[in-house]
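So this one's start.txt, compact mmCIF, C-alpha atoms:
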```
# COMPACT_ATOMS: atom_id res chain seq x y z
CA MET Q 262 -12.35 -31.73 -12.11
CA ASN Q 263 -15.86 -32.59 -13.34
CA LYS Q 264 -17.62 -30.52 -16.00
CA ARG Q 265 -19.79 -28.51 -13.62
CA PHE Q 266 -16.78 -27.60 -11.48
CA LEU Q 267 -14.87 -26.70 -14.61
CA ASP Q 268 -17.70 -24.48 -15.87
CA ASP Q 269 -17.94 -22.78 -12.47
CA GLU Q 270 -14.18 -22.35 -12.39
CA VAL Q 271 -13.99 -20.66 -15.79
CA ARG Q 272 -17.05 -18.49 -15.19
CA TRP Q 273 -16.09 -17.36 -11.68
CA ALA Q 274 -12.51 -16.63 -12.68
CA ASP Q 275 -13.72 -14.47 -15.56
CA TRP Q 276 -16.29 -12.69 -13.40
CA MET Q 277 -13.82 -12.03 -10.62
CA ALA Q 278 -11.35 -10.57 -13.11
CA ARG Q 279 -14.11 -8.25 -14.32
CA ALA Q 280 -15.11 -7.43 -10.75
CA GLN Q 281 -11.50 -6.48 -10.02
CA ALA Q 282 -11.83 -3.99 -12.87
CA GLY Q 283 -14.91 -2.49 -11.18
CA ASP Q 284 -17.83 -4.24 -12.97
CA ARG Q 285 -20.41 -4.11 -10.18
CA ALA Q 286 -23.24 -5.94 -11.94
CA VAL Q 287 -21.07 -8.95 -12.67
CA TYR Q 288 -19.67 -8.83 -9.16
CA GLU Q 289 -23.16 -8.92 -7.64
CA THR Q 290 -24.03 -11.99 -9.72
CA LEU Q 291 -20.74 -13.61 -8.77
CA LEU Q 292 -21.31 -13.03 -5.04
CA ALA Q 293 -24.81 -14.48 -5.30
CA GLU Q 294 -23.42 -17.66 -6.88
CA LEU Q 295 -20.56 -17.81 -4.43
CA GLY Q 296 -23.00 -17.53 -1.53
CA VAL Q 297 -24.69 -20.76 -2.62
CA ALA Q 298 -21.36 -22.51 -3.25
CA ILE Q 299 -19.98 -21.39 0.13
CA GLU Q 300 -23.10 -22.57 1.93
CA THR Q 301 -22.81 -25.98 0.29
CA TYR Q 302 -19.09 -26.17 1.06
CA ILE Q 303 -19.61 -25.33 4.75
CA ARG Q 304 -22.41 -27.88 5.06
CA VAL Q 305 -20.31 -30.61 3.47
CA ARG Q 306 -17.04 -29.75 5.15
CA PHE Q 307 -18.19 -28.75 8.66
CA GLY Q 308 -21.53 -30.54 8.97
CA PRO Q 309 -24.61 -28.96 10.47
CA ILE Q 310 -23.40 -25.87 12.31
CA ASP Q 311 -25.54 -23.21 13.88
CA ALA Q 312 -25.22 -19.68 12.53
CA LEU Q 313 -24.59 -21.09 9.05
CA GLU Q 314 -26.02 -18.01 7.37
CA ASP Q 315 -23.70 -15.78 9.42
CA CYS Q 316 -20.75 -17.92 8.39
CA VAL Q 317 -21.71 -17.62 4.73
CA GLN Q 318 -22.06 -13.85 4.97
CA GLU Q 319 -18.80 -13.46 6.85
CA CYS Q 320 -17.10 -15.53 4.16
CA LEU Q 321 -18.59 -13.28 1.47
CA ILE Q 322 -17.23 -10.24 3.33
CA ALA Q 323 -13.81 -11.90 3.54
CA VAL Q 324 -13.87 -12.71 -0.19
CA HIS Q 325 -14.80 -9.10 -0.89
CA ALA Q 326 -11.97 -7.77 1.27
CA ALA Q 327 -9.44 -10.16 -0.27
CA ARG Q 328 -10.58 -9.84 -3.87
CA GLN Q 329 -7.49 -7.92 -4.96
CA THR Q 330 -5.32 -10.94 -4.13
CA TYR Q 331 -6.95 -13.17 -6.73
CA ASP Q 332 -4.67 -13.69 -9.70
CA PRO Q 333 -6.70 -14.54 -12.85
CA ARG Q 334 -3.80 -16.65 -14.10
CA ARG Q 335 -4.42 -19.07 -11.26
CA LEU Q 336 -7.37 -21.28 -10.30
CA PHE Q 337 -10.27 -19.56 -8.60
CA ARG Q 338 -11.75 -22.35 -6.51
CA PRO Q 339 -8.64 -23.07 -4.39
CA TRP Q 340 -8.32 -19.34 -3.71
CA LEU Q 341 -11.99 -19.07 -2.73
CA PHE Q 342 -12.23 -22.14 -0.55
CA THR Q 343 -8.96 -21.42 1.27
CA ILE Q 344 -10.50 -18.15 2.43
CA VAL Q 345 -13.79 -19.83 3.28
CA ARG Q 346 -12.13 -22.65 5.26
CA HIS Q 347 -9.99 -20.28 7.33
CA ARG Q 348 -12.85 -17.86 7.98
CA THR Q 349 -15.23 -20.60 9.06
CA ILE Q 350 -12.69 -22.17 11.40
CA ASP Q 351 -12.04 -18.74 12.92
CA LEU Q 352 -15.73 -18.14 13.46
CA LEU Q 353 -16.21 -21.54 15.08
CA ARG Q 354 -13.24 -20.95 17.36
CA GLN Q 355 -14.50 -17.50 18.36
CA ARG Q 356 -17.89 -18.97 19.11
CA ARG Q 357 -16.40 -21.69 21.28
CA THR Q 358 -14.32 -19.12 23.20
CA TRP Q 359 -17.36 -16.93 23.74
CA LEU Q 360 -19.44 -19.83 25.03
CA SER Q 361 -16.73 -20.88 27.48
CA MET Q 362 -16.49 -17.27 28.69
CA LEU Q 363 -20.22 -17.29 29.24
CA ASP Q 364 -19.95 -20.48 31.27
CA ALA Q 365 -17.29 -18.85 33.43
CA PHE Q 366 -19.45 -15.76 33.83
CA GLY Q 367 -22.42 -17.89 34.87
CA ALA Q 368 -20.34 -19.67 37.50
CA GLU Q 369 -19.10 -16.34 38.93
CA ALA Q 370 -22.55 -14.80 38.91
CA GLN Q 371 -23.99 -17.46 41.20
CA GLY Q 372 -22.82 -15.56 44.28
CA ASP Q 373 -24.10 -12.14 43.17
CA GLU Q 374 -26.24 -10.40 45.79
CA GLN Q 375 -28.15 -8.06 43.40
CA PRO Q 376 -30.60 -10.27 41.48
CA ASP Q 377 -32.15 -7.47 39.34
CA ARG Q 378 -28.82 -6.22 38.07
CA LEU Q 379 -27.69 -9.77 37.48
CA LEU Q 380 -30.86 -10.61 35.53
CA ARG Q 381 -30.42 -7.55 33.31
CA GLN Q 382 -26.81 -8.50 32.69
CA ILE Q 383 -27.71 -12.07 31.91
CA ASP Q 384 -30.54 -10.95 29.60
CA GLY Q 385 -28.19 -8.71 27.62
CA VAL Q 386 -25.48 -11.34 27.56
CA ARG Q 387 -27.96 -14.01 26.54
CA ILE Q 388 -29.12 -11.99 23.55
CA LEU Q 389 -25.56 -11.15 22.57
CA GLU Q 390 -24.53 -14.76 23.03
CA GLN Q 391 -26.91 -15.75 20.29
CA LEU Q 392 -25.25 -13.40 17.82
CA SER Q 393 -22.34 -14.48 15.69
CA PRO Q 394 -18.91 -13.41 17.01
CA ASP Q 395 -18.50 -10.74 14.36
CA HIS Q 396 -21.94 -9.32 14.99
CA ARG Q 397 -21.17 -9.17 18.70
CA GLU Q 398 -17.88 -7.46 17.93
CA MET Q 399 -19.60 -4.93 15.70
CA ILE Q 400 -22.33 -4.22 18.28
CA ALA Q 401 -19.74 -3.95 21.05
CA LEU Q 402 -17.67 -1.48 19.07
CA SER Q 403 -20.48 0.72 17.81
CA LYS Q 404 -23.02 0.55 20.63
CA TYR Q 405 -20.87 0.00 23.72
CA GLY Q 406 -17.51 1.33 22.57
CA GLY Q 407 -18.96 4.41 20.87
CA TYR Q 408 -17.02 3.89 17.65
CA THR Q 409 -18.32 5.48 14.46
CA THR Q 410 -18.87 3.08 11.55
CA ALA Q 411 -15.71 4.37 9.89
CA GLU Q 412 -13.66 3.85 13.07
CA ALA Q 413 -15.12 0.38 13.61
CA ALA Q 414 -14.37 -0.49 9.96
CA ASP Q 415 -10.80 0.69 10.40
CA TYR Q 416 -10.43 -1.29 13.63
CA LEU Q 417 -11.81 -4.46 12.04
CA GLY Q 418 -9.82 -4.05 8.83
CA ILE Q 419 -12.89 -4.02 6.60
CA THR Q 420 -14.44 -1.37 4.37
CA GLU Q 421 -16.95 1.10 5.73
CA SER Q 422 -19.71 -0.35 3.55
CA ALA Q 423 -18.99 -3.82 4.86
CA ALA Q 424 -19.06 -2.48 8.44
CA LYS Q 425 -22.40 -0.80 7.81
CA ALA Q 426 -23.79 -3.99 6.32
CA ARG Q 427 -22.47 -6.00 9.26
CA LEU Q 428 -24.04 -3.59 11.75
CA LEU Q 429 -27.36 -3.69 9.93
CA ARG Q 430 -27.34 -7.47 9.98
CA ALA Q 431 -26.40 -7.53 13.67
CA LEU Q 432 -29.24 -5.17 14.57
CA ALA Q 433 -31.67 -7.17 12.44
CA ALA Q 434 -30.57 -10.34 14.22
CA ILE Q 435 -31.09 -8.73 17.65
CA ARG Q 436 -34.53 -7.54 16.59
CA THR Q 437 -35.46 -11.04 15.47
CA LEU Q 438 -34.21 -12.53 18.74
CA LEU Q 439 -36.11 -10.02 20.86
CA GLU Q 440 -39.30 -10.56 18.86
CA ALA Q 441 -38.93 -14.31 19.19
CA GLU Q 442 -38.85 -13.89 22.98
CA GLY Q 443 -41.82 -11.51 23.01
CA LEU Q 444 -39.65 -8.58 24.12
CA PRO Q 445 -39.97 -5.06 22.65
CA ALA Q 446 -37.58 -4.79 19.68
CA MET V 157 -31.24 -16.51 -0.55
CA THR V 158 -32.12 -14.65 2.66
CA ASP V 159 -32.95 -10.94 2.64
CA THR V 160 -29.94 -10.10 4.78
CA ARG V 161 -27.63 -11.90 2.38
CA ARG V 162 -29.18 -10.11 -0.57
CA THR V 163 -28.72 -6.78 1.23
CA LEU V 164 -25.14 -7.65 2.04
CA ILE V 165 -24.33 -8.64 -1.53
CA SER V 166 -25.83 -5.40 -2.83
CA ALA V 167 -23.77 -3.41 -0.32
CA LEU V 168 -20.58 -5.28 -1.25
CA ALA V 169 -21.23 -4.87 -4.98
CA ALA V 170 -21.85 -1.16 -4.49
CA ASP V 171 -18.48 -0.99 -2.77
CA ALA V 172 -16.67 -2.76 -5.63
CA GLN V 173 -14.15 -0.21 -6.75
CA PRO V 174 -11.50 -1.28 -9.26
CA VAL V 175 -8.65 -2.90 -7.35
CA GLN V 176 -5.00 -3.25 -8.15
CA ARG V 177 -3.87 -6.86 -8.24
CA PRO V 178 -0.70 -7.70 -6.38
CA GLY V 179 0.70 -9.03 -9.65
CA ARG V 180 3.92 -10.88 -9.39
CA THR V 181 4.90 -11.09 -5.73
CA GLY V 182 8.50 -11.09 -6.97
CA ARG V 183 8.22 -7.40 -7.76
CA MET V 184 6.89 -6.63 -4.30
CA THR V 185 9.71 -8.66 -2.81
CA LEU V 186 12.34 -6.78 -4.81
CA ALA V 187 10.82 -3.41 -3.85
CA TRP V 188 10.80 -4.47 -0.21
CA LEU V 189 14.36 -5.77 -0.48
CA ALA V 190 15.57 -2.49 -1.98
CA ALA V 191 13.88 -0.39 0.72
CA ALA V 192 14.77 -2.65 3.66
CA GLY V 193 18.33 -3.19 2.38
CA ALA V 194 18.93 0.53 1.93
CA LEU V 195 17.58 1.25 5.41
CA ALA V 196 19.65 -1.52 6.97
CA ILE V 197 22.92 -0.43 5.35
CA THR V 198 22.26 3.25 6.06
CA GLY V 199 21.40 2.41 9.65
CA LEU V 200 24.58 0.38 10.12
CA LEU V 201 26.82 3.06 8.62
CA LEU V 202 25.12 5.88 10.51
CA HIS V 203 25.54 4.05 13.79
CA ALA V 204 29.24 3.41 13.30
CA PRO V 205 31.43 3.85 10.23
CA ALA V 206 32.86 0.64 8.79
CA THR V 207 36.53 0.19 9.62
CA VAL V 208 36.82 -2.70 7.22
CA PHE V 209 35.09 -3.76 3.99
CA ARG V 210 35.58 -7.30 2.75
CA GLY V 211 33.96 -6.80 -0.66
CA PRO V 212 37.19 -7.31 -2.63
CA LEU V 213 37.68 -10.67 -0.85
CA LEU V 214 34.74 -12.03 -2.87
CA LEU V 215 37.17 -12.28 -5.76
CA THR V 216 39.83 -14.14 -3.84
CA SER V 217 37.95 -16.41 -1.41
CA ALA V 218 35.55 -18.96 -2.92
CA GLN V 219 34.16 -19.84 0.51
CA PHE V 220 33.41 -16.19 1.29
CA LEU V 221 31.81 -15.82 -2.15
CA LEU V 222 29.71 -18.93 -1.52
CA GLU V 223 28.47 -17.76 1.87
CA SER V 224 27.67 -14.31 0.46
CA VAL V 225 25.77 -15.74 -2.51
CA LEU V 226 23.89 -18.16 -0.25
CA GLY V 227 23.07 -15.33 2.16
CA THR V 228 21.72 -13.14 -0.64
CA LEU V 229 19.74 -16.02 -2.06
CA ALA V 230 18.39 -16.85 1.40
CA ILE V 231 17.14 -13.28 1.89
CA LEU V 232 15.50 -13.25 -1.54
CA CYS V 233 13.83 -16.61 -1.02
CA LEU V 234 12.65 -15.81 2.51
CA GLY V 235 11.22 -12.49 1.34
CA LEU V 236 9.55 -14.12 -1.63
CA ALA V 237 8.07 -16.85 0.57
CA ALA V 238 6.77 -14.22 3.00
CA PHE V 239 5.05 -12.22 0.27
CA ARG V 240 3.75 -15.35 -1.46
CA SER V 241 2.18 -16.52 1.78
CA GLY V 242 0.06 -13.38 1.67
CA ILE V 243 -1.92 -14.83 -1.23
CA PRO V 244 -4.79 -17.06 -0.08
CA ALA V 245 -4.36 -20.33 -1.94
CA PRO V 246 -3.10 -23.66 -0.71
CA PRO V 247 0.62 -23.75 -1.49
CA SER V 248 2.23 -27.00 -2.47
CA ARG V 249 4.72 -28.55 -0.05
CA ARG V 250 7.47 -27.64 -2.49
CA ALA V 251 6.42 -24.00 -2.45
CA ILE V 252 6.73 -23.96 1.32
CA TRP V 253 10.02 -25.76 1.76
CA LEU V 254 11.98 -24.83 -1.34
CA PRO V 255 12.54 -21.20 -0.37
CA LEU V 256 13.95 -22.34 2.97
CA LEU V 257 16.71 -24.42 1.37
CA PRO V 258 19.17 -21.56 0.67
CA PHE V 259 18.55 -20.28 4.19
CA VAL V 260 19.27 -23.66 5.74
CA ALA V 261 22.34 -24.05 3.50
CA TRP V 262 23.57 -20.60 4.58
CA LEU V 263 23.19 -21.49 8.25
CA ALA V 264 24.80 -24.89 7.70
CA LEU V 265 27.77 -23.28 5.99
CA HIS V 266 28.35 -21.07 9.02
CA VAL V 267 28.24 -24.12 11.28
CA VAL V 268 30.73 -25.90 9.02
CA GLU V 269 32.96 -22.85 9.27
CA LEU V 270 33.39 -23.55 12.96
CA TRP V 271 35.83 -26.25 11.77
CA HIS V 272 36.86 -24.70 8.46
CA PRO V 273 36.92 -20.91 8.99
CA THR V 274 36.94 -18.71 5.89
CA PHE V 275 39.55 -16.34 7.31
CA GLU V 276 42.10 -16.50 10.09
CA ALA V 277 40.69 -15.32 13.42
CA SER V 278 41.21 -11.61 13.97
CA MET V 279 39.47 -8.69 15.63
CA VAL V 280 39.61 -6.53 12.51
CA GLY V 281 36.39 -4.57 12.01
CA LYS V 282 35.08 -5.12 15.56
CA ARG V 283 31.87 -3.19 16.13
CA LEU V 284 30.42 -2.48 19.55
CA HIS V 285 27.09 -4.21 20.19
CA CYS V 286 26.79 -5.60 16.67
CA TRP V 287 24.01 -7.95 17.82
CA LEU V 288 22.00 -4.92 18.86
CA GLU V 289 22.67 -3.32 15.49
CA VAL V 290 21.34 -6.40 13.69
CA LEU V 291 18.15 -6.22 15.75
CA ALA V 292 17.74 -2.46 15.39
CA VAL V 293 18.40 -2.11 11.67
CA GLY V 294 16.43 -5.26 10.86
CA LEU V 295 13.26 -3.92 12.47
CA PRO V 296 12.44 -1.29 9.81
CA GLY V 297 12.48 -4.03 7.16
CA LEU V 298 9.99 -6.02 9.23
CA VAL V 299 7.77 -2.98 9.70
CA ILE V 300 7.82 -2.04 6.00
CA GLY V 301 7.13 -5.64 4.96
CA CYS V 302 4.25 -5.99 7.42
CA TYR V 303 2.78 -2.73 6.17
CA ALA V 304 3.05 -3.78 2.52
CA ILE V 305 1.60 -7.24 3.15
CA ARG V 306 -1.25 -5.95 5.27
CA ARG V 307 -2.07 -3.27 2.73
CA ARG V 308 -1.87 -5.30 -0.47
CA LEU V 309 -2.22 -8.96 0.45
CA TRP V 310 -4.38 -11.21 2.61
CA PRO V 311 -2.26 -13.58 4.70
CA LEU V 312 -4.21 -16.40 6.28
CA ARG V 313 -1.21 -17.71 8.21
CA GLY V 314 0.02 -14.56 9.90
CA ARG V 315 2.50 -16.32 12.15
CA ARG V 316 4.24 -18.01 9.25
CA THR V 317 4.24 -14.88 7.12
CA GLY V 318 5.59 -12.79 10.00
CA ALA V 319 8.29 -15.31 10.87
CA LEU V 320 9.52 -15.48 7.26
CA LEU V 321 9.53 -11.71 7.01
CA GLY V 322 11.31 -11.37 10.36
CA LEU V 323 14.01 -13.82 9.29
CA ALA V 324 14.46 -12.05 5.96
CA SER V 325 14.64 -8.66 7.70
CA GLY V 326 17.20 -9.97 10.18
CA ALA V 327 19.23 -11.70 7.48
CA LEU V 328 19.80 -8.37 5.69
CA PRO V 329 21.97 -6.78 8.42
CA ALA V 330 23.41 -10.20 9.32
CA LEU V 331 24.72 -10.53 5.78
CA ALA V 332 25.98 -6.95 5.75
CA MET V 333 27.88 -7.68 8.97
CA GLN V 334 29.89 -10.35 7.16
CA PHE V 335 31.50 -7.53 5.21
CA ILE V 336 32.04 -4.94 7.94
CA CYS V 337 32.29 -6.75 11.30
CA ILE V 338 34.51 -9.46 12.78
CA HIS V 339 34.48 -12.52 10.50
CA GLU V 340 34.82 -15.31 13.02
CA PRO V 341 32.40 -18.28 12.93
CA GLN V 342 31.40 -18.26 16.61
CA HIS V 343 30.96 -14.51 16.58
CA ILE V 344 28.81 -14.68 13.46
CA LEU V 345 26.58 -17.42 14.89
CA ALA V 346 26.16 -15.76 18.28
CA PHE V 347 26.04 -12.06 17.38
CA HIS V 348 24.81 -11.88 13.78
CA LEU V 349 22.65 -14.93 13.13
CA ALA V 350 21.09 -15.41 16.58
CA PRO V 351 19.57 -11.88 16.53
CA MET V 352 18.20 -12.75 13.11
CA GLY V 353 16.40 -15.67 14.77
CA VAL V 354 15.09 -13.29 17.42
CA LEU V 355 13.68 -11.09 14.66
CA GLY V 356 12.05 -14.21 13.20
CA LEU V 357 10.32 -14.78 16.55
CA VAL V 358 9.32 -11.13 16.78
CA GLY V 359 7.94 -11.42 13.25
CA ALA V 360 5.94 -14.51 14.22
CA VAL V 361 4.37 -12.73 17.19
CA VAL V 362 3.68 -9.55 15.21
CA GLY V 363 2.35 -11.59 12.29
CA ALA V 364 -0.01 -13.61 14.46
CA ARG V 365 -1.44 -10.42 15.95
CA LEU V 366 -1.37 -7.96 13.08
CA LEU V 367 -1.05 -9.78 9.78
CA ARG V 368 -3.59 -12.54 9.93
CA ARG V 369 -6.64 -11.58 7.91
CA SER V 370 -9.51 -13.96 7.82
```
Mind converting the file's structure to C-alpha cells?
Amino acid sequence: MNKRFLDDEVRWADWMARAQAGDRAVYETLLAELGVAIETYIRVRFGPIDALEDCVQECLIAVHAARQTYDPRRLFRPWLFTIVRHRTIDLLRQRRTWLSMLDAFGAEAQGDEQPDRLLRQIDGVRILEQLSPDHREMIALSKYGGYTTAEAADYLGITESAAKARLLRALAAIRTLLEAEGLPA
Amino acid sequence: MTDTRRTLISALAADAQPVQRPGRTGRMTLAWLAAAGALAITGLLLHAPATVFRGPLLLTSAQFLLESVLGTLAILCLGLAAFRSGIPAPPSRRAIWLPLLPFVAWLALHVVELWHPTFEASMVGKRLHCWLEVLAVGLPGLVIGCYAIRRRLWPLRGRRTGALLGLASGALPALAMQFICIHEPQHILAFHLAPMGVLGLVGAVVGARLLRRS
C-alpha cells in the first residue's frame, strides 16, 4: 500500500469510527472525501459510464446505510470498495434491463392506433428513461404509486432522510431534462 | 463537487445517528443458535414426544460421538459463515471454504455409515413424517437469522448468505433427529439431511430476494 493510500486508510478508518459514534461534522467531511475516491474508483474500474454522478451518490447512500457494519479493527478501503463495486454493478445491470424493456415497449408500440396517447407515453417514458434506476424507482413509488416518503424509504430499505434526498435529486434531474428540451419544468 | 452531491452529503450527515456495530459476528451466531435451537427442539417435542433419547450413547459409541460433534461443529460453522457474509468486505478463499469443511465431513460420515452403520438397524424411535418436521422446525431458525442479518448487517451476496443460513437452520433439527428418531443411514440421508438441503435452497431463494442489500 503506498503512502497516500495508507494515509487515507488511517484517516478514513478513524473518521468512520467517529461517525459511528454520531460525530456528524467528521462524517460530512468523510463523505465528501469518499465521494471523490468513489468517483475515481468507478472511472478507473468501469471506464466512462453515463450517469456517473448518480452512481457516486447511490454508492454514498449505500455506504451510509451500511456504516454500522464497518469494524474499525479491520481495513476500511476493502470494506468501502466492496460496497461500491457491488452497487455500481447493480446500477449498471438495472440500467441495461430498463433499456431492453424500453426497446420491447417501442417494438410493441409500433402498432398502436392512438398516436397522441402513444406520444404522451413515449414522452414520459423517454424522460424517465434518462433517470438513473433508483431515481426512477423513487419517482415511481412516490409519484405513481402514491407512497409517502416514509413508506418508500421502508420499501427501499433506506432511511427516510436518504429517501427524501433521493427524491429531491430525482426531481431536480427531471427538471434539468425538461429544461434541456425546452419543456415547462 | 456538484450541488446535488453536496445536498445529499449534508442530508446523510444530518441523519448520522450513533450506530451499534455488529461486533464479533460470533456472538450474533451464538445468540441465533440458542434461539433457533430452542425453537427447533421445542417444536420437535411439541409435535410428538420423543420415544427414545440416544444421549447416553455418546459415552459408549465413538462413531456416534464423532457424528454428533461434527454435526454441532457444522451448524456452528455454517451459522458463523452466514453471519460473516453479512459484512461487506472481500473474504479470503479460506474464509469461504473453511467453515464448510465440518459440514462436508458430517455429510461424508453419514455416507460412510451406509457401509459401516453406527447402530444395528431398528425402528426404535420412529417418528411420523420426520422429514416434514425437519422442514417445519428449521424454518423459524431461517426466519430469525434472516431478520437479524437484514436488521444488523449488509449482505452483498444474499443468495450465499441465505443458503448458508438455510443449511444451518435445517442442520439443527437434522442433528436433533439423530437422538430421537430412527438411526439408520439411509433414513438419515433421505429424511433428515435431504430436507436440510431443501432448506438450503429455500434460504438461497429467500436470501436472493430479501437479504441482498446493495
Counting all atoms listed in the file, which residues of chain Q sit at most 6 Å from some atom of chain V, and what is each one's closest atom pair with its distance in Å to one decimal, listed by chain and rising residue number, as a tab-separated table?
```
residue	atom	partner	partner_atom	distance
Q:Gln281	CA	V:Pro174	CA	5.3
Q:Ala282	CA	V:Pro174	CA	4.5
Q:Gly283	CA	V:Pro174	CA	4.1
Q:Arg285	CA	V:Ala169	CA	5.3
Q:Tyr288	CA	V:Ala169	CA	6.0
Q:Glu289	CA	V:Ala169	CA	5.2
Q:Ala327	CA	V:Trp310	CA	5.9
Q:Gln329	CA	V:Arg177	CA	5.0
Q:Thr330	CA	V:Leu309	CA	5.9
Q:Pro339	CA	V:Ala245	CA	5.6
Q:Trp340	CA	V:Ala245	CA	4.4
Q:Thr343	CA	V:Ala245	CA	5.7
Q:Arg348	CA	V:Ser370	CA	5.1
Q:Ala426	CA	V:Leu164	CA	5.8
```
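Between Ser241 of chain V and the residues V:Val225, V:Ile338, V:Ile305, V:Ala218, the shortest atom-to-atom distance, using all atoms listed in the file, involves V:Ile305.
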Neighbouring residues of Ala414 of chain Q were defined as those with any atom within 10 Å, considering all atoms listed in the file; residues of the same chain fewer than 3 positions away were excluded. Please report them as an mmCIF file with C-alpha atoms, in the coordinates of the input.
```cif
data_model
loop_
_atom_site.group_PDB
_atom_site.id
_atom_site.type_symbol
_atom_site.label_atom_id
_atom_site.label_comp_id
_atom_site.auth_asym_id
_atom_site.auth_seq_id
_atom_site.Cartn_x
_atom_site.Cartn_y
_atom_site.Cartn_z
ATOM 1 C CA MET Q 399 -19.600 -4.930 15.700
ATOM 2 C CA LEU Q 402 -17.670 -1.480 19.070
ATOM 3 C CA TYR Q 408 -17.020 3.890 17.650
ATOM 4 C CA THR Q 409 -18.320 5.480 14.460
ATOM 5 C CA THR Q 410 -18.870 3.080 11.550
ATOM 6 C CA ALA Q 411 -15.710 4.370 9.890
ATOM 7 C CA LEU Q 417 -11.810 -4.460 12.040
ATOM 8 C CA GLY Q 418 -9.820 -4.050 8.830
ATOM 9 C CA ILE Q 419 -12.890 -4.020 6.600
ATOM 10 C CA THR Q 420 -14.440 -1.370 4.370
ATOM 11 C CA GLU Q 421 -16.950 1.100 5.730
ATOM 12 C CA SER Q 422 -19.710 -0.350 3.550
ATOM 13 C CA ALA Q 423 -18.990 -3.820 4.860
ATOM 14 C CA ALA Q 424 -19.060 -2.480 8.440
ATOM 15 C CA LYS Q 425 -22.400 -0.800 7.810
ATOM 16 C CA ARG Q 427 -22.470 -6.000 9.260
#
```
* Structure fact -> Of Q:His347, Q:Val297, Q:Pro309, Q:Ala278, the one sitting nearest Arg368 of chain V when using all atoms listed in the file is Q:His347
* To do: Name all residues at most 9 Å from segment 201-205 of chain V (count only C-alpha atoms; drop same-chain ones fewer than 5 positions away) and give them as an NGL selection string.
  => :V and (196 or 283-284 or 289)
Who sits within 12 Å of Asp275 of chain Q, only C-alpha atoms, same chain under 5 positions skipped, as a PDB file with C-alpha atoms, in the coordinates of the input:
```pdb
ATOM      1  CA  ASP Q 268     -17.700 -24.480 -15.870  1.00  0.00           C
ATOM      2  CA  ASP Q 269     -17.940 -22.780 -12.470  1.00  0.00           C
ATOM      3  CA  GLU Q 270     -14.180 -22.350 -12.390  1.00  0.00           C
ATOM      4  CA  ALA Q 280     -15.110  -7.430 -10.750  1.00  0.00           C
ATOM      5  CA  GLN Q 281     -11.500  -6.480 -10.020  1.00  0.00           C
ATOM      6  CA  ALA Q 282     -11.830  -3.990 -12.870  1.00  0.00           C
ATOM      7  CA  ASP Q 284     -17.830  -4.240 -12.970  1.00  0.00           C
ATOM      8  CA  VAL Q 287     -21.070  -8.950 -12.670  1.00  0.00           C
ATOM      9  CA  TYR Q 288     -19.670  -8.830  -9.160  1.00  0.00           C
ATOM     10  CA  LEU Q 291     -20.740 -13.610  -8.770  1.00  0.00           C
ATOM     11  CA  TYR Q 331      -6.950 -13.170  -6.730  1.00  0.00           C
ATOM     12  CA  ASP Q 332      -4.670 -13.690  -9.700  1.00  0.00           C
ATOM     13  CA  PRO Q 333      -6.700 -14.540 -12.850  1.00  0.00           C
ATOM     14  CA  ARG Q 334      -3.800 -16.650 -14.100  1.00  0.00           C
ATOM     15  CA  ARG Q 335      -4.420 -19.070 -11.260  1.00  0.00           C
ATOM     16  CA  LEU Q 336      -7.370 -21.280 -10.300  1.00  0.00           C
ATOM     17  CA  PHE Q 337     -10.270 -19.560  -8.600  1.00  0.00           C
TER      18      PHE Q 337
END
```
* List every protein, DNA or RNA residue with an atom no more than 10 Å from (30.8, -11.9, 17.1) in the file's coordinates, counting all atoms listed in the file, and format the result as a list of chain:residue names. =>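 Here is the list of nearby residues: V:Met279, V:Lys282, V:Arg283, V:Leu284, V:His285, V:Cys286, V:Trp287, V:Met333, V:Cys337, V:Ile338, V:His339, V:Glu340, V:Pro341, V:Gln342, V:His343, V:Ile344, V:Leu345, V:Ala346, V:Phe347, V:His348, V:Leu349.
Counting all atoms listed in the file and comparing Q:Tyr302, Q:Ala326, Q:Asp315, Q:Trp276, the residue that lies closest to Thr290 of chain Q is Q:Trp276.
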Distance query segment 351-364 of chain V at most 6 Å, only C-alpha atoms, self and fewer than 2 positions along chain excluded, as a compact mmCIF listing (two decimals) with C-alpha atoms, keeping the file's coordinate frame:
```txt
# COMPACT_ATOMS: atom_id res chain seq x y z
CA LEU V 291 18.15 -6.22 15.75
CA GLY V 314 0.02 -14.56 9.90
CA ARG V 315 2.50 -16.32 12.15
CA GLY V 318 5.59 -12.79 10.00
CA ALA V 319 8.29 -15.31 10.87
CA GLY V 322 11.31 -11.37 10.36
CA LEU V 323 14.01 -13.82 9.29
CA GLY V 326 17.20 -9.97 10.18
CA ALA V 327 19.23 -11.70 7.48
CA HIS V 348 24.81 -11.88 13.78
CA LEU V 349 22.65 -14.93 13.13
CA LEU V 366 -1.37 -7.96 13.08
CA LEU V 367 -1.05 -9.78 9.78
CA ARG V 368 -3.59 -12.54 9.93
```
* Quick one: residues within 8 Å of Leu256 of chain V, all atoms listed in the file counted, chain neighbours fewer than 4 positions away excluded, as a ChimeraX atom specification? -> /V:230,233-234,252,260
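Atom CA of Leu226 of chain V is positioned 5.4 Å from atom CA of Trp262 of chain V.
Picture a line from atom CA of Leu331 of chain V to atom CA of Pro258 of chain V; it runs 13.4 Å.
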* Asked: What gap, in Å, lies between atom CA of Gly182 of chain V and atom CA of Asp415 of chain Q?
  ->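 Atom-to-atom, atom CA of Gly182 of chain V and atom CA of Asp415 of chain Q are spaced 28.5 Å apart.
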* Structure fact -> Using all atoms listed in the file, the residue out of V:Val293, V:Leu254, V:Leu298, V:Ala261 with shortest distance to Leu222 of chain V is V:Ala261
